[in-house]
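Read through the structure below, which is laid out as structure tokens, and then see the notes.
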There are 2 protein chains.
Amino acid sequence: MPGFPAIQIADVLDAARLLNGVAIRTPLIENRALNERVGGRVFIKFEGAQHTGSFKFRGAYNRLARMSAAERTAGVVAWSSGNHAQGVACAARMLDIPATIVMPADAPAIKIANTKALGAHIVPYDRIRESREEIATRLATQSGATLVPSFDDPHVMAGQGSVGLEILAQASEAGADVAQILVCCGGGGLLSGVATAVKATHPDIAIYSVEPDQFDDTARSLRSGVRERVTDDARSICDALLSPSPGALTFPINKALLAGGLAVSDAQVRHAMRFAFSTLKLVAEPGGAVALAALLAGEAPATDGDRAIVISGANVDPRLFADIIGETD
Amino acid sequence: MPGFPAIQIADVLDAARLLNGVAIRTPLIENRALNERVGGRVFIKFEGAQHTGSFKFRGAYNRLARMSAAERTAGVVAWSSGNHAQGVACAARMLDIPATIVMPADAPAIKIANTKALGAHIVPYDRIRESREEIATRLATQSGATLVPSFDDPHVMAGQGSVGLEILAQASEAGADVAQILVCCGGGGLLSGVATAVKATHPDIAIYSVEPDQFDDTARSLRSGVRERVTDDARSICDALLSPSPGALTFPINKALLAGGLAVSDAQVRHAMRFAFSTLKLVAEPGGAVALAALLAGEAPATDGDRAIVISGANVDPRLFADIIGETD
């Protein structure tokens, strides 16, 4: 286990160099109607446009590209509800590495189908009765494959941090003066990477985590100072953000660098997805829309500067999306 | 009536200067899955991210900003099925000019609602029994307001041409070598502007119009050399592209500069909208998706270089969008 911090800015810069020309430099988008509604400039980092429809490709590729030839031959194993699965599968295909993904049987169909289409071998499991960690660890042990964690891994965290570097560069190109950044939070990998990237050169930018209200383990942990856990009956529409507690590697970084933690309800998430559809013209999945949801719900703290938010993913089943855009506010 | 050509590259450059910092420099997006499907690099200019959700703001603002103080006081009148309406309403609000828009009573509800929300006065008409030109001309004559045509106007055409300049600049930034551009075509305003912008410095880039198959007036006109007209029974899901014939000002330019005209069916458009949702994670309205539809349907001519396509707008009613993404291919 690495010491604290698990990653530093040099690791993020390294990852960004590796990802240059491989990952998509996703757009940073400003929208007049959103600015008017919020009463200030907002810049949206749209990771729906990343390979496989979420930021997860960045960390996965940065991890897999560091493997030796012998490790590559033995393959990789990962567990994921869907976005990390697709990111690992895509990176593995690009690098010609066999990939096995342990996925919940009730993951969104689009995520399972896309992961299969990328050539990965899928091992389904029952989220209630089985342990994905145990299944994945057994598979990795049997085959000699490398386990690729979805957030608690320095290369994964550093890869996600490239999102933060791009926000800074693109905001500067747009003449923005970013003072606040809102980032979704499951296990805290994206957040720890972005915070490491941003705080190194912009210590005054305030960074907030945003979680589903029943999965507010990071917000509570930031307040208490220790890693809290959600209750077993916690539920959320945000299938990508169901981690029960902050990561062992991600939390110390987030605790040191974040300004605080926000939380949003499923109803606020659905409203944000409708807003993204009708006004931004972007597809956002539930977990990808929490930062926008916090902003639209007035949960983001006041700031004198501009804001940046991440729409982190857009892998949502058409039926759920149709239901949500058909609702009225 | 201006001579031929109605606009030249200097007019487009002028418009781009005026629009700089006012219009959104919309993203040019590359997608790995689309590249793989098409067998080459494709760059998508996403005008859904423009103010009011379509490129129409560009031309409208470039026209309205040229009005004198006296003209501005008297206001503007336009007719439009929706996107030009919103573009004019938004530009008018920014410039503090009263706007009256003649809209078909059966225009998409989202387009009527958005135009109203931008502060314009809406005059509905019956598309079958009434003439929008007559209504708008009468309103303009009565009030001394300026008529703002949706395509056959040099400032409108030059404003839309800024899309072409941005494609060239952003493709160059992305290291692309664009050899072919596909652009949707209603009256041909966007197309004539883009062609003027692109051909001035890149005469070897082949530009194609894309129309709904029953509204293929520009494709047929390009073949015959004279402005053809669609039959009265022509129908299409592409509400933004229902112009019955090419413009008097736009067609001579398109005739001189285009490589040819393509056409797509409603079914191909619906498939493209699904692809945009599920793979690009972008919202496209039917008329905005025709260039993508042509590409996905294999209708785009072969090329040795990279391709750019325009997704020109994303104002689609949630119910129709839900229906389309719920269909299977």
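To be explicit about the labels: the chains of the structure tokens are called A, B, and onward in the order shown, and within each one the residues are counted from 1, while ligands get numbers from 1 in the order they are shown.
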
Find the nearest atom pair between each residue of chain B and chain A for residues within 10 Å, count only C-alpha atoms, give distances in Å to one decimal, sort rows by chain and ascending number, and present the table as a tab-separated table.
residue	atom	partner	partner_atom	distance
B:Gly21	CA	A:Ala174	CA	9.3
B:Ala23	CA	A:Arg32	CA	9.7
B:Ile24	CA	A:Glu30	CA	7.6
B:Arg25	CA	A:Ile29	CA	9.0
B:Thr26	CA	A:Ile29	CA	7.8
B:Pro27	CA	A:Pro27	CA	6.1
B:Leu28	CA	A:Pro27	CA	8.2
B:Ile29	CA	A:Ala49	CA	7.6
B:Glu30	CA	A:Ile24	CA	7.6
B:Asn31	CA	A:His51	CA	7.1
B:Arg32	CA	A:His51	CA	6.6
B:Ala33	CA	A:His51	CA	8.0
B:Phe46	CA	A:Lys281	CA	9.6
B:Glu47	CA	A:Lys281	CA	9.6
B:Gly48	CA	A:Lys281	CA	6.0
B:Ala49	CA	A:Leu280	CA	6.4
B:Gln50	CA	A:Asn31	CA	7.9
B:His51	CA	A:Arg32	CA	6.6
B:Thr52	CA	A:Thr279	CA	8.0
B:Gly53	CA	A:Lys281	CA	7.2
B:Ile110	CA	A:Ser278	CA	8.6
B:Asn114	CA	A:Thr279	CA	9.8
B:Ala174	CA	A:Gly21	CA	9.3
B:Gly175	CA	A:Gly21	CA	9.9
B:Arg274	CA	A:Pro318	CA	9.1
B:Ala276	CA	A:Val283	CA	9.4
B:Phe277	CA	A:Val283	CA	6.8
B:Ser278	CA	A:Asn315	CA	7.5
B:Thr279	CA	A:Gly53	CA	7.3
B:Leu280	CA	A:Ala49	CA	6.4
B:Lys281	CA	A:Val283	CA	5.0
B:Leu282	CA	A:Leu282	CA	4.9
B:Val283	CA	A:Lys281	CA	5.0
B:Ala284	CA	A:Lys281	CA	7.6
B:Glu285	CA	A:Lys281	CA	9.7
B:Gly313	CA	A:Lys281	CA	9.0
B:Ala314	CA	A:Lys281	CA	6.2
B:Asn315	CA	A:Ser278	CA	7.5
B:Val316	CA	A:Ser278	CA	8.1
B:Asp317	CA	A:Ser278	CA	8.5
B:Pro318	CA	A:Ile325	CA	5.9
B:Arg319	CA	A:Gly326	CA	6.4
B:Leu320	CA	A:Ala322	CA	9.6
B:Phe321	CA	A:Ala322	CA	7.6
B:Ala322	CA	A:Ala322	CA	4.5
B:Asp323	CA	A:Ala322	CA	7.7
B:Ile324	CA	A:Ala322	CA	9.4
B:Ile325	CA	A:Pro318	CA	5.9
B:Gly326	CA	A:Pro318	CA	6.0
B:Glu327	CA	A:Pro318	CA	9.2

* Within 6 Å of range 7-15 of chain A using only C-alpha atoms, minus same-chain residues under 6 positions, as an MDAnalysis selection string -> chainID A and resid 154 158:159 161 196:197

Close residues, Ala256 in chain B itself excluded, 10 Å, only C-alpha atoms, min 2 positions apart in chain, as a PDB file with C-alpha atoms, in the first residue's frame:
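Writing done, so here's selection_2.pdb:
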ATOM      1  CA  PRO B   5     -22.284  35.282 -55.208  1.00  0.00           C
ATOM      2  CA  SER B 192     -23.882  28.118 -48.651  1.00  0.00           C
ATOM      3  CA  ALA B 195     -19.155  26.122 -48.544  1.00  0.00           C
ATOM      4  CA  THR B 196     -18.072  29.755 -48.907  1.00  0.00           C
ATOM      5  CA  LEU B 222     -27.719  20.352 -58.317  1.00  0.00           C
ATOM      6  CA  GLY B 225     -28.772  23.038 -62.704  1.00  0.00           C
ATOM      7  CA  PHE B 251     -28.567  27.949 -54.619  1.00  0.00           C
ATOM      8  CA  PRO B 252     -26.165  29.705 -57.010  1.00  0.00           C
ATOM      9  CA  ILE B 253     -23.447  29.383 -54.373  1.00  0.00           C
ATOM     10  CA  ASN B 254     -24.244  25.758 -53.620  1.00  0.00           C
ATOM     11  CA  LEU B 258     -20.914  21.594 -53.838  1.00  0.00           C
ATOM     12  CA  ALA B 259     -19.769  18.151 -54.939  1.00  0.00           C
TER      13      ALA B 259
END

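CA of Ile112 in chain A is found 23.5 Å from CA of Val38 in chain B.
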
* To do: Would you list the contacts of Ile128 in chain B as a list in words, taking every protein, DNA or RNA residue within 12 Å and counting only C-alpha atoms, but skipping same-chain residues closer than 6 positions in sequence?
  => Pro104, Ala105, Asp106, Asp232 and Asp233 of chain B

Deliver the residues from the most recent selection as a file, using N, CA and C atoms, as a PDB file, in the first residue's frame.
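Heads up, here's the output in out-v9.pdb:
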ATOM      1  N   PRO B 104     -45.700  27.904 -37.475  1.00  0.00           N
ATOM      2  CA  PRO B 104     -46.797  26.966 -37.732  1.00  0.00           C
ATOM      3  C   PRO B 104     -47.401  26.485 -36.414  1.00  0.00           C
ATOM      4  N   ALA B 105     -48.728  26.393 -36.374  1.00  0.00           N
ATOM      5  CA  ALA B 105     -49.397  25.964 -35.150  1.00  0.00           C
ATOM      6  C   ALA B 105     -48.968  24.557 -34.751  1.00  0.00           C
ATOM      7  N   ASP B 106     -48.494  23.746 -35.734  1.00  0.00           N
ATOM      8  CA  ASP B 106     -48.106  22.368 -35.435  1.00  0.00           C
ATOM      9  C   ASP B 106     -46.583  22.207 -35.329  1.00  0.00           C
ATOM     10  N   ASP B 232     -46.218  18.590 -53.590  1.00  0.00           N
ATOM     11  CA  ASP B 232     -47.017  19.055 -52.446  1.00  0.00           C
ATOM     12  C   ASP B 232     -47.260  17.952 -51.415  1.00  0.00           C
ATOM     13  N   ASP B 233     -47.112  16.700 -51.831  1.00  0.00           N
ATOM     14  CA  ASP B 233     -47.374  15.606 -50.881  1.00  0.00           C
ATOM     15  C   ASP B 233     -46.104  15.138 -50.161  1.00  0.00           C
TER      16      ASP B 233
END

* Structure fact -> Between CA of Ala113 in chain B and CA of Val290 in chain B lies a distance of 24.3 Å

* **Near-Gly247 in chain A list (8 Å; only C-alpha atoms; drop same-chain fewer than 5 positions) as a PyMOL selection string** => chain A and resi 151-152+187-189

Save out the residues we just selected, C-alpha atoms, as a CSV table (one decimal), in the first residue's frame.
chain,number,residue,atom,x,y,z
A,151,PHE,CA,-10.8,3.6,-7.8
A,152,ASP,CA,-8.4,2.5,-5.1
A,187,GLY,CA,-15.3,5.6,-4.4
A,188,GLY,CA,-13.6,9.0,-5.0
A,189,GLY,CA,-11.2,8.1,-7.7

* Quick one: residues within 7 Å of range 262-267 of chain B, only C-alpha atoms counted, chain neighbours fewer than 2 positions away excluded, as a ChimeraX atom specification? -> /B:208-213,216,219,236-237,260,269-271,290,293-294

Write a file of the selected residues as a PDB file, in the first residue's frame, keeping N, CA, C and O atoms.
ATOM      1  N   TYR B 208     -21.012  18.039 -49.414  1.00  0.00           N
ATOM      2  CA  TYR B 208     -22.271  17.464 -49.879  1.00  0.00           C
ATOM      3  C   TYR B 208     -23.437  17.975 -49.042  1.00  0.00           C
ATOM      4  O   TYR B 208     -23.326  18.082 -47.812  1.00  0.00           O
ATOM      5  N   SER B 209     -24.548  18.250 -49.694  1.00  0.00           N
ATOM      6  CA  SER B 209     -25.792  18.533 -48.980  1.00  0.00           C
ATOM      7  C   SER B 209     -26.447  17.212 -48.610  1.00  0.00           C
ATOM      8  O   SER B 209     -26.291  16.212 -49.311  1.00  0.00           O
ATOM      9  N   VAL B 210     -27.172  17.214 -47.502  1.00  0.00           N
ATOM     10  CA  VAL B 210     -27.968  16.032 -47.133  1.00  0.00           C
ATOM     11  C   VAL B 210     -29.383  16.507 -46.823  1.00  0.00           C
ATOM     12  O   VAL B 210     -29.582  17.418 -46.014  1.00  0.00           O
ATOM     13  N   GLU B 211     -30.358  15.870 -47.460  1.00  0.00           N
ATOM     14  CA  GLU B 211     -31.770  16.242 -47.298  1.00  0.00           C
ATOM     15  C   GLU B 211     -32.617  15.011 -46.985  1.00  0.00           C
ATOM     16  O   GLU B 211     -32.221  13.884 -47.255  1.00  0.00           O
ATOM     17  N   PRO B 212     -33.820  15.250 -46.457  1.00  0.00           N
ATOM     18  CA  PRO B 212     -34.795  14.164 -46.357  1.00  0.00           C
ATOM     19  C   PRO B 212     -35.158  13.716 -47.784  1.00  0.00           C
ATOM     20  O   PRO B 212     -35.228  14.552 -48.694  1.00  0.00           O
ATOM     21  N   ASP B 213     -35.418  12.414 -47.982  1.00  0.00           N
ATOM     22  CA  ASP B 213     -35.564  11.934 -49.361  1.00  0.00           C
ATOM     23  C   ASP B 213     -36.746  12.536 -50.115  1.00  0.00           C
ATOM     24  O   ASP B 213     -36.689  12.680 -51.329  1.00  0.00           O
ATOM     25  N   ASP B 216     -35.784  16.446 -51.458  1.00  0.00           N
ATOM     26  CA  ASP B 216     -34.462  16.417 -52.084  1.00  0.00           C
ATOM     27  C   ASP B 216     -34.338  17.458 -53.196  1.00  0.00           C
ATOM     28  O   ASP B 216     -33.675  17.230 -54.204  1.00  0.00           O
ATOM     29  N   ALA B 219     -30.703  18.401 -54.018  1.00  0.00           N
ATOM     30  CA  ALA B 219     -29.993  17.337 -54.744  1.00  0.00           C
ATOM     31  C   ALA B 219     -30.428  17.329 -56.214  1.00  0.00           C
ATOM     32  O   ALA B 219     -29.583  17.266 -57.130  1.00  0.00           O
ATOM     33  N   SER B 236     -41.861  14.563 -44.182  1.00  0.00           N
ATOM     34  CA  SER B 236     -40.622  14.139 -43.527  1.00  0.00           C
ATOM     35  C   SER B 236     -40.722  14.382 -42.041  1.00  0.00           C
ATOM     36  O   SER B 236     -41.391  15.317 -41.589  1.00  0.00           O
ATOM     37  N   ILE B 237     -40.017  13.550 -41.284  1.00  0.00           N
ATOM     38  CA  ILE B 237     -39.921  13.761 -39.844  1.00  0.00           C
ATOM     39  C   ILE B 237     -39.039  14.972 -39.520  1.00  0.00           C
ATOM     40  O   ILE B 237     -39.092  15.506 -38.418  1.00  0.00           O
ATOM     41  N   GLY B 260     -22.108  17.534 -54.592  1.00  0.00           N
ATOM     42  CA  GLY B 260     -23.312  16.773 -54.904  1.00  0.00           C
ATOM     43  C   GLY B 260     -24.282  16.780 -53.744  1.00  0.00           C
ATOM     44  O   GLY B 260     -24.006  17.360 -52.688  1.00  0.00           O
ATOM     45  N   VAL B 269     -32.928   8.463 -40.535  1.00  0.00           N
ATOM     46  CA  VAL B 269     -32.798   9.572 -39.579  1.00  0.00           C
ATOM     47  C   VAL B 269     -33.047   9.073 -38.152  1.00  0.00           C
ATOM     48  O   VAL B 269     -32.311   9.407 -37.221  1.00  0.00           O
ATOM     49  N   ARG B 270     -34.075   8.262 -37.979  1.00  0.00           N
ATOM     50  CA  ARG B 270     -34.377   7.739 -36.640  1.00  0.00           C
ATOM     51  C   ARG B 270     -33.215   6.874 -36.138  1.00  0.00           C
ATOM     52  O   ARG B 270     -32.837   6.946 -34.963  1.00  0.00           O
ATOM     53  N   HIS B 271     -32.662   6.068 -37.008  1.00  0.00           N
ATOM     54  CA  HIS B 271     -31.503   5.259 -36.621  1.00  0.00           C
ATOM     55  C   HIS B 271     -30.344   6.163 -36.192  1.00  0.00           C
ATOM     56  O   HIS B 271     -29.666   5.890 -35.182  1.00  0.00           O
ATOM     57  N   VAL B 290     -29.483  14.386 -40.202  1.00  0.00           N
ATOM     58  CA  VAL B 290     -29.453  13.828 -41.564  1.00  0.00           C
ATOM     59  C   VAL B 290     -28.033  13.554 -42.069  1.00  0.00           C
ATOM     60  O   VAL B 290     -27.815  12.572 -42.795  1.00  0.00           O
ATOM     61  N   ALA B 293     -26.999  10.489 -40.505  1.00  0.00           N
ATOM     62  CA  ALA B 293     -27.786   9.404 -41.111  1.00  0.00           C
ATOM     63  C   ALA B 293     -27.182   8.973 -42.442  1.00  0.00           C
ATOM     64  O   ALA B 293     -27.073   7.772 -42.731  1.00  0.00           O
ATOM     65  N   ALA B 294     -26.785   9.937 -43.244  1.00  0.00           N
ATOM     66  CA  ALA B 294     -26.186   9.607 -44.550  1.00  0.00           C
ATOM     67  C   ALA B 294     -24.899   8.814 -44.357  1.00  0.00           C
ATOM     68  O   ALA B 294     -24.637   7.831 -45.052  1.00  0.00           O
TER      69      ALA B 294
END

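Our summary of the geometry notes that CA of Ala117 in chain A is positioned 26.7 Å from CA of Ala16 in chain A.
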
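Of the listed residues B:Leu242, B:Ala308, B:Met157, B:Ala302, the one whose atoms come nearest to Arg58 in chain B is B:Met157, with distances taken using only C-alpha atoms.
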